[in-house]
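**Student:** Please see the structure below; I have some questions.
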Amino acid sequence: MSNSSFKCLITGITGMVGSHLAEYIFENSNWQIHGMCRWRSPIDNISNLINEINKSKRVFLKYGDLTDQNSIDKVIDEVRPNFVFHLAAQSFPKTSFDEANLTYNTNILGTSRLLESITKFNLNPVIHICSSS
């Protein structure tokens, strides 16, 4: 498989870390970049990639939600990535205390759902899971 046929999936592409990673991969490789985001996610952080997204050239947005297994399955089945950079999460400390169940459902169960989906479709990508304390 040539480097140009590599596909990566970045969950949380519209976030601070995901957007910077997408820019880096875009500038330093010829990979296809598929970013998973929720339909309501602001796209300000990826504004410099909008032309590429609109041209469907090398950058593609896939709508999915870590709390919805069906949407994750759809993204994984469509993309079939060689690399997965799992950066999506509920990351605001105040919200994590105010909405503990939602945070658990998104961050913990969402990661499990993503990994289950990869297994379901018999894929073997390199997986990077980003986390903080």
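Letters A, B, ... go to the chains of the structure tokens in the order shown; residues in each chain start at 1; ligands are counted from 1 in the same order.
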Using only C-alpha atoms, find each residue of range 88-125 of chain A with at least one atom at most 7 Å away from an atom of range 51-71 of chain A; report its shortest atom-to-atom pair and that distance in Å (one decimal), sort the rows by chain and rising residue number, and return the result as a tab-separated table.

**Tutor:**
```
residue	atom	partner	partner_atom	distance
A:Asn105	CA	A:Thr67	CA	6.3
A:Thr106	CA	A:Thr67	CA	5.6
A:Gly110	CA	A:Leu66	CA	4.5
A:Arg113	CA	A:Gln69	CA	6.1
```

**Student:** Given the selection you just returned, output its residues as a file containing all heavy atoms, formatted as a PDB file, in the first residue's frame.

**Tutor:**
```pdb
ATOM      1  N   ASN A 105     -20.468   8.760  29.448  1.00  0.00           N
ATOM      2  CA  ASN A 105     -21.011   8.179  28.219  1.00  0.00           C
ATOM      3  C   ASN A 105     -20.175   8.570  26.998  1.00  0.00           C
ATOM      4  O   ASN A 105     -19.931   7.758  26.107  1.00  0.00           O
ATOM      5  CB  ASN A 105     -22.467   8.604  28.036  1.00  0.00           C
ATOM      6  CG  ASN A 105     -23.173   7.852  26.932  1.00  0.00           C
ATOM      7  OD1 ASN A 105     -22.707   6.831  26.442  1.00  0.00           O
ATOM      8  ND2 ASN A 105     -24.309   8.354  26.522  1.00  0.00           N
ATOM      9  N   THR A 106     -19.722   9.797  26.962  1.00  0.00           N
ATOM     10  CA  THR A 106     -18.934  10.280  25.827  1.00  0.00           C
ATOM     11  C   THR A 106     -17.498   9.779  25.886  1.00  0.00           C
ATOM     12  O   THR A 106     -16.995   9.179  24.932  1.00  0.00           O
ATOM     13  CB  THR A 106     -18.947  11.823  25.788  1.00  0.00           C
ATOM     14  OG1 THR A 106     -20.295  12.273  25.688  1.00  0.00           O
ATOM     15  CG2 THR A 106     -18.137  12.358  24.619  1.00  0.00           C
ATOM     16  N   GLY A 110     -17.855   6.042  24.874  1.00  0.00           N
ATOM     17  CA  GLY A 110     -17.616   6.434  23.484  1.00  0.00           C
ATOM     18  C   GLY A 110     -16.338   5.829  22.939  1.00  0.00           C
ATOM     19  O   GLY A 110     -16.295   5.371  21.788  1.00  0.00           O
ATOM     20  N   ARG A 113     -17.077   2.219  22.344  1.00  0.00           N
ATOM     21  CA  ARG A 113     -17.882   2.055  21.124  1.00  0.00           C
ATOM     22  C   ARG A 113     -17.006   2.151  19.874  1.00  0.00           C
ATOM     23  O   ARG A 113     -17.175   1.386  18.918  1.00  0.00           O
ATOM     24  CB  ARG A 113     -18.983   3.108  21.065  1.00  0.00           C
ATOM     25  CG  ARG A 113     -20.108   2.908  22.040  1.00  0.00           C
ATOM     26  CD  ARG A 113     -21.181   3.999  21.871  1.00  0.00           C
ATOM     27  NE  ARG A 113     -22.065   3.959  22.996  1.00  0.00           N
ATOM     28  CZ  ARG A 113     -22.055   4.826  24.012  1.00  0.00           C
ATOM     29  NH1 ARG A 113     -21.213   5.852  24.013  1.00  0.00           N
ATOM     30  NH2 ARG A 113     -22.898   4.700  25.019  1.00  0.00           N
TER      31      ARG A 113
END
```

**Student:** Mind checking which residues fall within 7 Å of range 5-19 of chain A, counting only C-alpha atoms, ignoring those fewer than 2 positions away in the same chain, and posting them as a VMD selection string?

**Tutor:** chain A and resid 1 to 3 21 to 23 31 to 37 41 to 43 45 to 46 81 to 88

**Student:** Now that the selection is made, can you save its residues with N, CA, C and O atoms as a short mmCIF file (atom, residue, chain, number, x, y, z; two decimals), in the first residue's frame?

**Tutor:**
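Output contents, as saved in again-v2.cif:
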```cif
data_model
loop_
_atom_site.label_atom_id
_atom_site.label_comp_id
_atom_site.auth_asym_id
_atom_site.auth_seq_id
_atom_site.Cartn_x
_atom_site.Cartn_y
_atom_site.Cartn_z
N MET A 1 0.85 -1.18 0.00
CA MET A 1 0.00 0.00 0.00
C MET A 1 0.89 1.24 0.00
O MET A 1 1.77 1.38 0.84
N SER A 2 0.68 2.11 -0.95
CA SER A 2 1.49 3.33 -1.01
C SER A 2 1.01 4.33 0.02
O SER A 2 -0.14 4.30 0.46
N ASN A 3 1.91 5.20 0.39
CA ASN A 3 1.62 6.24 1.37
C ASN A 3 0.41 7.07 0.95
O ASN A 3 -0.36 7.53 1.78
N LEU A 21 -3.77 18.70 14.35
CA LEU A 21 -3.29 17.44 13.78
C LEU A 21 -3.69 17.33 12.31
O LEU A 21 -2.87 16.93 11.47
N ALA A 22 -4.92 17.69 11.98
CA ALA A 22 -5.37 17.65 10.58
C ALA A 22 -4.50 18.54 9.70
O ALA A 22 -4.09 18.14 8.61
N GLU A 23 -4.20 19.74 10.17
CA GLU A 23 -3.33 20.65 9.42
C GLU A 23 -1.94 20.03 9.22
O GLU A 23 -1.38 20.09 8.13
N TRP A 31 -1.89 11.72 2.71
CA TRP A 31 -2.98 10.88 3.20
C TRP A 31 -4.33 11.53 2.98
O TRP A 31 -4.45 12.75 2.95
N GLN A 32 -5.35 10.68 2.91
CA GLN A 32 -6.73 11.17 3.02
C GLN A 32 -7.01 11.40 4.50
O GLN A 32 -6.65 10.55 5.34
N ILE A 33 -7.63 12.51 4.81
CA ILE A 33 -7.95 12.85 6.19
C ILE A 33 -9.47 12.87 6.33
O ILE A 33 -10.16 13.65 5.67
N HIS A 34 -9.98 12.00 7.19
CA HIS A 34 -11.41 11.94 7.47
C HIS A 34 -11.59 12.38 8.92
O HIS A 34 -10.97 11.82 9.82
N GLY A 35 -12.40 13.40 9.10
CA GLY A 35 -12.62 13.91 10.44
C GLY A 35 -14.04 13.64 10.90
O GLY A 35 -14.99 13.96 10.20
N MET A 36 -14.17 13.02 12.06
CA MET A 36 -15.49 12.77 12.62
C MET A 36 -15.84 13.90 13.57
O MET A 36 -15.05 14.28 14.43
N CYS A 37 -17.03 14.44 13.37
CA CYS A 37 -17.50 15.50 14.24
C CYS A 37 -19.02 15.41 14.37
O CYS A 37 -19.68 14.78 13.55
N SER A 41 -21.05 20.74 15.77
CA SER A 41 -19.72 21.22 16.16
C SER A 41 -19.34 22.46 15.37
O SER A 41 -19.48 22.49 14.14
N PRO A 42 -18.85 23.49 16.05
CA PRO A 42 -18.37 24.66 15.32
C PRO A 42 -17.14 24.29 14.50
O PRO A 42 -16.33 23.46 14.93
N ILE A 43 -17.01 24.87 13.33
CA ILE A 43 -15.90 24.52 12.44
C ILE A 43 -14.84 25.63 12.35
O ILE A 43 -13.99 25.58 11.46
N ASN A 45 -12.17 26.11 14.00
CA ASN A 45 -10.79 25.62 14.11
C ASN A 45 -10.28 25.00 12.82
O ASN A 45 -9.06 24.87 12.64
N ILE A 46 -11.17 24.57 11.94
CA ILE A 46 -10.73 23.97 10.67
C ILE A 46 -11.05 24.87 9.47
O ILE A 46 -11.11 24.40 8.35
N PRO A 81 -10.24 3.18 8.12
CA PRO A 81 -8.96 3.89 8.26
C PRO A 81 -7.77 2.98 8.53
O PRO A 81 -7.90 1.91 9.11
N ASN A 82 -6.59 3.46 8.10
CA ASN A 82 -5.32 2.82 8.44
C ASN A 82 -4.80 3.35 9.77
O ASN A 82 -4.02 2.68 10.44
N PHE A 83 -5.20 4.56 10.11
CA PHE A 83 -4.80 5.22 11.35
C PHE A 83 -6.02 5.87 11.97
O PHE A 83 -6.82 6.49 11.26
N VAL A 84 -6.15 5.74 13.28
CA VAL A 84 -7.23 6.40 14.01
C VAL A 84 -6.59 7.24 15.11
O VAL A 84 -5.84 6.72 15.94
N PHE A 85 -6.89 8.52 15.07
CA PHE A 85 -6.46 9.44 16.12
C PHE A 85 -7.73 9.83 16.89
O PHE A 85 -8.54 10.62 16.40
N HIS A 86 -7.89 9.24 18.06
CA HIS A 86 -9.12 9.45 18.84
C HIS A 86 -8.91 10.62 19.79
O HIS A 86 -8.30 10.50 20.85
N LEU A 87 -9.41 11.78 19.38
CA LEU A 87 -9.22 13.02 20.13
C LEU A 87 -10.53 13.61 20.64
O LEU A 87 -10.52 14.60 21.36
N ALA A 88 -11.65 13.01 20.26
CA ALA A 88 -12.95 13.54 20.67
C ALA A 88 -13.21 13.21 22.13
O ALA A 88 -12.93 12.10 22.60
#
```

**Student:** Do you know which residues are at most 9 Å from Gln90 in chain A counting only C-alpha atoms, after dropping those on the same chain fewer than 6 positions away, and could you put them as an mmCIF file with N, CA and C atoms, in the first residue's frame?

**Tutor:**
```cif
data_model
loop_
_atom_site.group_PDB
_atom_site.id
_atom_site.type_symbol
_atom_site.label_atom_id
_atom_site.label_comp_id
_atom_site.auth_asym_id
_atom_site.auth_seq_id
_atom_site.Cartn_x
_atom_site.Cartn_y
_atom_site.Cartn_z
ATOM 1 N N SER A 96 -17.759 18.354 33.173
ATOM 2 C CA SER A 96 -17.541 16.971 33.613
ATOM 3 C C SER A 96 -18.120 16.734 35.007
ATOM 4 N N LEU A 102 -23.085 12.221 31.265
ATOM 5 C CA LEU A 102 -22.800 12.523 29.864
ATOM 6 C C LEU A 102 -21.299 12.397 29.587
ATOM 7 N N THR A 103 -20.491 12.886 30.496
ATOM 8 C CA THR A 103 -19.040 12.792 30.333
ATOM 9 C C THR A 103 -18.594 11.339 30.276
ATOM 10 N N TYR A 104 -19.115 10.518 31.169
ATOM 11 C CA TYR A 104 -18.788 9.089 31.176
ATOM 12 C C TYR A 104 -19.248 8.425 29.879
ATOM 13 N N THR A 106 -19.722 9.797 26.962
ATOM 14 C CA THR A 106 -18.934 10.280 25.827
ATOM 15 C C THR A 106 -17.498 9.779 25.886
ATOM 16 N N ASN A 107 -16.830 10.019 26.998
ATOM 17 C CA ASN A 107 -15.394 9.762 27.069
ATOM 18 C C ASN A 107 -15.045 8.290 27.254
#
```

**Student:** Would you return as an MDAnalysis selection string the members of chain A that DSSP assigns to helix (DSSP H, G or I) on this structure's backbone?

**Tutor:** chainID A and resid 3:5 16:28 44:55 69:79 93:98 100:120

**Student:** If you run DSSP on the backbone, which residues of chain A are strand (DSSP E), as a ChimeraX atom specification?

**Tutor:** /A:7-11,32-37,59-63,83-86,126-129

**Student:** Do you know which residues are at most 10 Å from Asp77 in chain A counting only C-alpha atoms, after dropping those on the same chain fewer than 4 positions away, and could you put them as a list in words?

**Tutor:** Ser71, Ile72, Asp73, Pro81, Ser117, Ile118, Lys120, Phe121, Asn122 and Leu123 of chain A

**Student:** Grab the CA of Ile25 in chain A to CA of Ile108 in chain A distance for me, in Å with one decimal place.

**Tutor:** 26.4 Å
